[in-house]
file entry.txt (compact mmCIF, C-alpha atoms)
# COMPACT_ATOMS: atom_id res chain seq x y z
CA GLU A 1365 76.58 132.48 28.05
CA ASP A 1366 75.98 136.22 28.39
CA LYS A 1367 78.78 138.46 27.17
CA VAL A 1368 79.65 142.16 27.44
CA VAL A 1369 82.40 143.91 25.51
CA GLN A 1370 83.37 147.48 26.28
CA SER A 1371 85.47 149.83 24.20
CA PRO A 1372 87.81 151.53 24.31
CA LEU A 1373 89.70 149.86 27.15
CA SER A 1374 91.18 153.21 28.11
CA LEU A 1375 90.78 156.82 27.14
CA VAL A 1376 92.69 159.98 28.00
CA VAL A 1377 91.06 163.35 27.40
CA HIS A 1378 91.35 166.93 28.60
CA GLU A 1379 88.84 168.78 30.74
CA GLY A 1380 85.97 170.10 28.67
CA ASP A 1381 86.12 167.31 26.09
CA THR A 1382 83.13 165.09 25.29
CA VAL A 1383 83.60 161.32 25.48
CA THR A 1384 81.59 158.37 24.24
CA LEU A 1385 81.99 154.95 25.84
CA ASN A 1386 80.71 151.85 24.09
CA CYS A 1387 79.15 148.65 25.33
CA SER A 1388 78.06 145.75 23.13
CA TYR A 1389 76.38 142.69 24.52
CA GLU A 1390 74.99 139.24 23.94
CA VAL A 1391 72.36 138.08 26.39
CA THR A 1392 69.57 135.55 26.59
CA ASN A 1393 66.21 137.27 27.13
CA PHE A 1394 67.40 140.78 27.78
CA ARG A 1395 66.05 142.41 30.93
CA SER A 1396 68.26 145.44 31.52
CA LEU A 1397 71.60 147.12 30.90
CA LEU A 1398 73.32 149.04 33.67
CA TRP A 1399 76.19 151.54 33.81
CA TYR A 1400 78.40 151.98 36.88
CA LYS A 1401 81.26 154.31 37.77
CA GLN A 1402 84.11 152.88 39.81
CA GLU A 1403 86.80 155.01 41.36
CA LYS A 1404 89.15 153.53 43.96
CA LYS A 1405 86.24 151.90 45.72
CA ALA A 1406 83.02 150.03 44.97
CA PRO A 1407 81.01 150.69 41.78
CA THR A 1408 78.37 153.39 42.04
CA PHE A 1409 75.16 153.12 40.04
CA LEU A 1410 74.68 155.54 37.13
CA PHE A 1411 71.88 154.36 34.85
CA MET A 1412 69.63 151.42 34.11
CA LEU A 1413 68.17 150.99 30.64
CA THR A 1414 65.35 148.63 29.80
CA SER A 1415 63.01 147.95 26.90
CA SER A 1416 60.72 150.66 28.28
CA GLY A 1417 63.47 153.13 29.05
CA ILE A 1418 66.09 153.30 26.32
CA GLU A 1419 67.40 156.82 27.05
CA LYS A 1420 68.55 158.25 30.33
CA LYS A 1421 70.14 161.58 31.22
CA SER A 1422 71.56 163.01 34.40
CA GLY A 1423 73.44 166.26 34.23
CA ARG A 1424 76.41 165.89 31.92
CA LEU A 1425 75.93 162.13 31.58
CA SER A 1426 73.54 160.45 29.18
CA SER A 1427 73.06 156.95 27.85
CA ILE A 1428 71.11 155.25 25.12
CA LEU A 1429 70.28 151.63 24.40
CA ASP A 1430 69.93 150.12 20.95
CA LYS A 1431 68.18 146.76 21.47
CA LYS A 1432 68.22 145.97 17.78
CA GLU A 1433 71.98 146.37 17.37
CA LEU A 1434 72.70 145.14 20.92
CA PHE A 1435 74.76 148.04 22.18
CA SER A 1436 74.68 150.99 24.48
CA ILE A 1437 76.70 154.19 24.73
CA LEU A 1438 77.51 156.41 27.66
CA ASN A 1439 78.19 160.05 26.84
CA ILE A 1440 79.91 162.48 29.14
CA THR A 1441 79.98 166.12 28.06
CA ALA A 1442 82.22 168.88 29.41
CA THR A 1443 84.38 166.34 31.23
CA GLN A 1444 85.95 167.20 34.57
CA THR A 1445 88.88 165.64 36.44
CA GLY A 1446 86.34 164.13 38.84
CA ASP A 1447 84.98 162.04 35.98
CA SER A 1448 88.22 160.03 35.96
CA ALA A 1449 87.22 156.47 36.81
CA VAL A 1450 86.52 153.05 35.37
CA TYR A 1451 83.12 152.89 33.76
CA LEU A 1452 81.48 149.47 33.86
CA CYS A 1453 78.64 148.17 31.73
CA ALA A 1454 76.56 145.15 32.82
CA VAL A 1455 73.63 143.25 31.36
CA CYS A 1456 70.89 141.25 33.05
CA GLY A 1457 69.19 138.43 31.16
CA SER A 1458 67.01 135.45 31.88
CA ALA A 1459 69.45 134.18 34.52
CA ARG A 1460 68.69 137.36 36.48
CA GLN A 1461 72.38 137.88 37.27
CA LEU A 1462 74.59 140.71 36.07
CA THR A 1463 77.39 140.04 33.61
CA PHE A 1464 79.98 142.82 33.59
CA GLY A 1465 82.30 144.03 30.89
CA SER A 1466 85.96 144.67 31.63
CA GLY A 1467 85.36 148.41 31.85
CA THR A 1468 86.72 151.57 30.24
CA GLN A 1469 89.40 153.46 32.17
CA LEU A 1470 88.75 157.17 31.63
CA THR A 1471 91.41 159.69 32.58
CA VAL A 1472 90.57 163.39 32.39
CA LEU A 1473 93.58 165.68 32.46
CA PRO A 1474 93.34 169.28 33.73
CA LYS B 1356 68.09 155.11 53.62
CA ALA B 1357 71.32 153.42 54.65
CA GLY B 1358 73.36 151.80 51.91
CA VAL B 1359 74.83 148.34 51.68
CA THR B 1360 77.34 147.63 54.42
CA GLN B 1361 80.09 145.03 54.46
CA THR B 1362 82.33 143.82 57.23
CA PRO B 1363 85.18 143.60 57.70
CA ARG B 1364 86.62 146.12 55.27
CA TYR B 1365 90.08 144.59 55.26
CA LEU B 1366 91.28 141.11 56.07
CA ILE B 1367 94.65 139.37 55.98
CA LYS B 1368 94.75 135.58 56.11
CA THR B 1369 97.25 132.83 55.35
CA ARG B 1370 96.92 129.96 52.92
CA GLY B 1371 94.74 127.14 54.18
CA GLN B 1372 92.69 129.27 56.54
CA GLN B 1373 89.02 130.03 56.06
CA VAL B 1374 87.23 133.37 56.09
CA THR B 1375 83.67 134.65 56.53
CA LEU B 1376 82.53 137.95 55.08
CA SER B 1377 79.29 139.69 55.97
CA CYS B 1378 76.89 141.88 54.00
CA SER B 1379 73.83 143.84 55.13
CA PRO B 1380 71.64 144.95 52.22
CA ILE B 1381 69.63 148.12 51.81
CA SER B 1382 66.46 147.93 53.88
CA GLY B 1383 63.72 146.25 51.86
CA HIS B 1384 66.10 144.58 49.40
CA ARG B 1385 65.69 140.81 49.39
CA SER B 1386 68.31 139.93 46.79
CA VAL B 1387 72.00 139.87 47.65
CA SER B 1388 74.70 139.10 45.10
CA TRP B 1389 78.40 138.53 45.69
CA TYR B 1390 81.25 139.34 43.30
CA GLN B 1391 84.99 138.87 43.25
CA GLN B 1392 87.02 141.64 41.66
CA THR B 1393 90.65 141.23 40.66
CA PRO B 1394 92.78 143.33 38.30
CA GLY B 1395 93.12 140.49 35.83
CA GLN B 1396 89.59 139.07 35.81
CA GLY B 1397 87.41 142.09 36.51
CA LEU B 1398 84.09 141.61 38.29
CA GLN B 1399 83.19 137.93 38.51
CA PHE B 1400 79.80 136.79 39.78
CA LEU B 1401 79.93 134.38 42.72
CA PHE B 1402 76.31 133.77 43.72
CA GLU B 1403 72.99 135.41 44.43
CA TYR B 1404 70.60 134.83 47.32
CA PHE B 1405 66.95 135.73 47.39
CA SER B 1406 64.69 135.06 50.36
CA GLU B 1407 67.30 132.76 51.96
CA THR B 1408 67.67 130.62 48.82
CA GLN B 1409 70.58 130.55 46.42
CA ARG B 1410 69.05 131.60 43.12
CA ASN B 1411 72.15 131.76 40.92
CA LYS B 1412 75.72 130.55 41.11
CA GLY B 1413 78.79 131.53 39.13
CA ASN B 1414 81.71 129.36 38.08
CA PHE B 1415 83.66 129.19 41.32
CA PRO B 1416 84.83 126.09 43.19
CA GLY B 1417 82.92 124.65 46.10
CA ARG B 1418 85.32 126.34 48.54
CA PHE B 1419 83.20 129.42 48.00
CA SER B 1420 79.83 129.24 49.73
CA GLY B 1421 77.23 131.57 51.09
CA ARG B 1422 73.98 131.88 52.91
CA GLN B 1423 71.27 134.40 53.60
CA PHE B 1424 69.36 134.94 56.80
CA SER B 1425 65.72 135.80 57.33
CA ASN B 1426 66.58 139.49 57.72
CA SER B 1427 68.24 139.38 54.24
CA ARG B 1428 71.74 139.75 55.67
CA SER B 1429 74.17 137.49 53.86
CA GLU B 1430 77.50 135.85 54.55
CA MET B 1431 79.99 134.27 52.23
CA ASN B 1432 82.63 131.79 53.30
CA VAL B 1433 85.85 130.78 51.61
CA SER B 1434 87.53 127.67 52.96
CA THR B 1435 91.10 126.49 52.42
CA LEU B 1436 92.26 129.87 51.17
CA GLU B 1437 94.65 130.06 48.23
CA LEU B 1438 96.92 132.94 47.18
CA GLY B 1439 94.67 133.50 44.15
CA ASP B 1440 91.73 134.27 46.41
CA SER B 1441 93.25 137.67 47.18
CA ALA B 1442 90.71 140.11 45.81
CA LEU B 1443 88.09 142.72 46.55
CA TYR B 1444 84.84 140.97 47.47
CA LEU B 1445 81.78 143.03 46.71
CA CYS B 1446 78.23 142.55 47.81
CA ALA B 1447 75.29 144.16 46.03
CA SER B 1448 71.60 144.29 46.90
CA SER B 1449 68.58 144.64 44.71
CA THR B 1450 64.81 144.60 44.84
CA GLY B 1451 63.56 145.17 41.30
CA GLN B 1452 62.88 142.70 38.56
CA TYR B 1453 65.47 144.44 36.38
CA ASN B 1454 68.19 143.69 38.93
CA GLU B 1455 69.22 147.28 39.60
CA GLN B 1456 72.02 146.50 42.03
CA PHE B 1457 73.68 148.76 44.59
CA PHE B 1458 77.12 147.86 45.86
CA GLY B 1459 78.64 147.88 49.29
CA PRO B 1460 82.18 149.21 49.92
CA GLY B 1461 83.71 145.76 49.63
CA THR B 1462 86.04 143.63 51.71
CA ARG B 1463 89.68 143.60 50.64
CA LEU B 1464 91.03 140.11 51.31
CA THR B 1465 94.75 139.45 51.20
CA VAL B 1466 95.99 135.86 51.40
CA LEU B 1467 99.63 135.42 52.34
call {"tool": "encode", "arguments": {"input": "entry.txt", "output": "structure tokens"}}
result
Amino acid sequence: EDKVVQSPLSLVVHEGDTVTLNCSYEVTNFRSLLWYKQEKKAPTFLFMLTSSGIEKKSGRLSSILDKKELFSILNITATQTGDSAVYLCAVCGSARQLTFGSGTQLTVLP
Amino acid sequence: KAGVTQTPRYLIKTRGQQVTLSCSPISGHRSVSWYQQTPGQGLQFLFEYFSETQRNKGNFPGRFSGRQFSNSRSEMNVSTLELGDSALYLCASSTGQYNEQFFGPGTRLTVL
């Protein structure tokens, strides 16, 4: 059974800080790892990492995948209050379905 | 390109009733997945449909069912509703082999 563990469960920082969110996984025949941001609504897609694309960057957000150690990190630099959300990590394996972690609740204080 | 749409957005039902939720995927996406999200359990996979066939199924009782139409629109049905079925039901569509999924706004179901 595929498994995703995210840490920390919650994090409180001040604007301007840099945060690192962790995601470790167990999956049969890894296909991809995805990061989503969820505010008080549906998850919005951030990044997808695969064997051929192990680093992604968009503005202040970046993510890397370590297929050997089976983890991924999501970095957010110069955090803003608008970054406050739950960040979800999911993996896709041979079953071609996504298995989600429980998420990291990030709170950015002004 | 229009995103994933779900109807209705909110629904209140009583125990024992049944409910049907609808999802229209992004144009060109043939895969539709359904999830249940609750505060205690997080995002739980219900099932996935691809080209009108159920391709994957999560660990939910048979009261939860779904189908997909030839235009890729999908419906899910929950029969004999229980209080524990109260949740946000999310639909996501995908087209790539890596299962890059895009979510709809969800249907908030409350069972009284």
call {"tool": "interface_residues", "arguments": {"input": "entry.txt", "of": "chain A", "to": "chain B", "cutoff": "9 Å", "atoms": "all atoms listed in the file", "output": "PyMOL selection string"}}
result
chain A and resi 1395-1398+1405-1409+1411-1412+1414+1456-1457+1459-1467
call {"tool": "residues_around", "arguments": {"input": "entry.txt", "residues": "segment 1416-1432 of chain B", "least_positions_apart": "4", "cutoff": "10 Å", "atoms": "only C-alpha atoms", "output": "number ranges by chain"}}
result
B: 1359-1362, 1373-1389, 1401-1409, 1412, 1436, 1440, 1444, 1446, 1448
call {"tool": "closest_residue", "arguments": {"input": "entry.txt", "among": "B:Ala1357, B:Arg1370, B:Pro1363, B:Gly1439", "to": "Gln1391 of chain B", "atoms": "only C-alpha atoms"}}
result
B:Gly1439
call {"tool": "closest_residue", "arguments": {"input": "entry.txt", "among": "B:Arg1463, B:Thr1435, B:Ser1449, B:Thr1393", "to": "Arg1364 of chain B", "atoms": "all atoms listed in the file"}}
result
B:Arg1463
call {"tool": "atom_distance", "arguments": {"input": "entry.txt", "atom1": "atom CA of Thr1392 of chain A", "atom2": "atom CA of Lys1432 of chain A"}}
result
13.7 Å
call {"tool": "atom_distance", "arguments": {"input": "entry.txt", "atom1": "atom CA of Val1472 of chain A", "atom2": "atom CA of Ala1454 of chain A"}}
result
23.0 Å
call {"tool": "atom_distance", "arguments": {"input": "entry.txt", "atom1": "atom CA of Pro1372 of chain A", "atom2": "atom CA of Thr1468 of chain A"}}
result
6.0 Å
call {"tool": "residues_around", "arguments": {"input": "entry.txt", "residues": "Lys1420 of chain A", "least_positions_apart": "4", "cutoff": "12 Å", "atoms": "only C-alpha atoms", "output": "list in words"}}
result
Leu1397, Leu1398, Trp1399, Leu1410, Phe1411, Met1412, Leu1413, Thr1414, Ser1416, Arg1424, Leu1425, Ser1426, Ser1427, Ile1428, Leu1429, Ser1436, Ile1437, Leu1438 and Asn1439 of chain A
call {"tool": "axis_aligned_box", "arguments": {"input": "entry.txt", "around": "segment 1366-1373 of chain A", "padding_each_side": "3 Å", "output": "AutoDock Vina command-line options"}}
result
--center_x 82.8 --center_y 143.9 --center_z 26.3 --size_x 19.7 --size_y 21.3 --size_z 10.2
call {"tool": "residues_near_point", "arguments": {"input": "entry.txt", "point": "(81.6, 149.0, 36.3)", "cutoff": "6 Å", "atoms": "all atoms listed in the file", "output": "short mmCIF file (atom, residue, chain, number, x, y, z; two decimals) with C-alpha atoms, in the coordinates of the input"}}
result
data_model
loop_
_atom_site.label_atom_id
_atom_site.label_comp_id
_atom_site.auth_asym_id
_atom_site.auth_seq_id
_atom_site.Cartn_x
_atom_site.Cartn_y
_atom_site.Cartn_z
CA TYR A 1400 78.40 151.98 36.88
CA LYS A 1401 81.26 154.31 37.77
CA GLN A 1402 84.11 152.88 39.81
CA PRO A 1407 81.01 150.69 41.78
CA TYR A 1451 83.12 152.89 33.76
CA LEU A 1452 81.48 149.47 33.86
CA CYS A 1453 78.64 148.17 31.73
CA GLY A 1467 85.36 148.41 31.85
#
call {"tool": "residues_near_point", "arguments": {"input": "entry.txt", "point": "(79.6, 146.3, 23.0)", "cutoff": "10 Å", "atoms": "all atoms listed in the file", "output": "ChimeraX atom specification"}}
result
/A:1367-1372,1385-1390,1433-1437,1453,1465
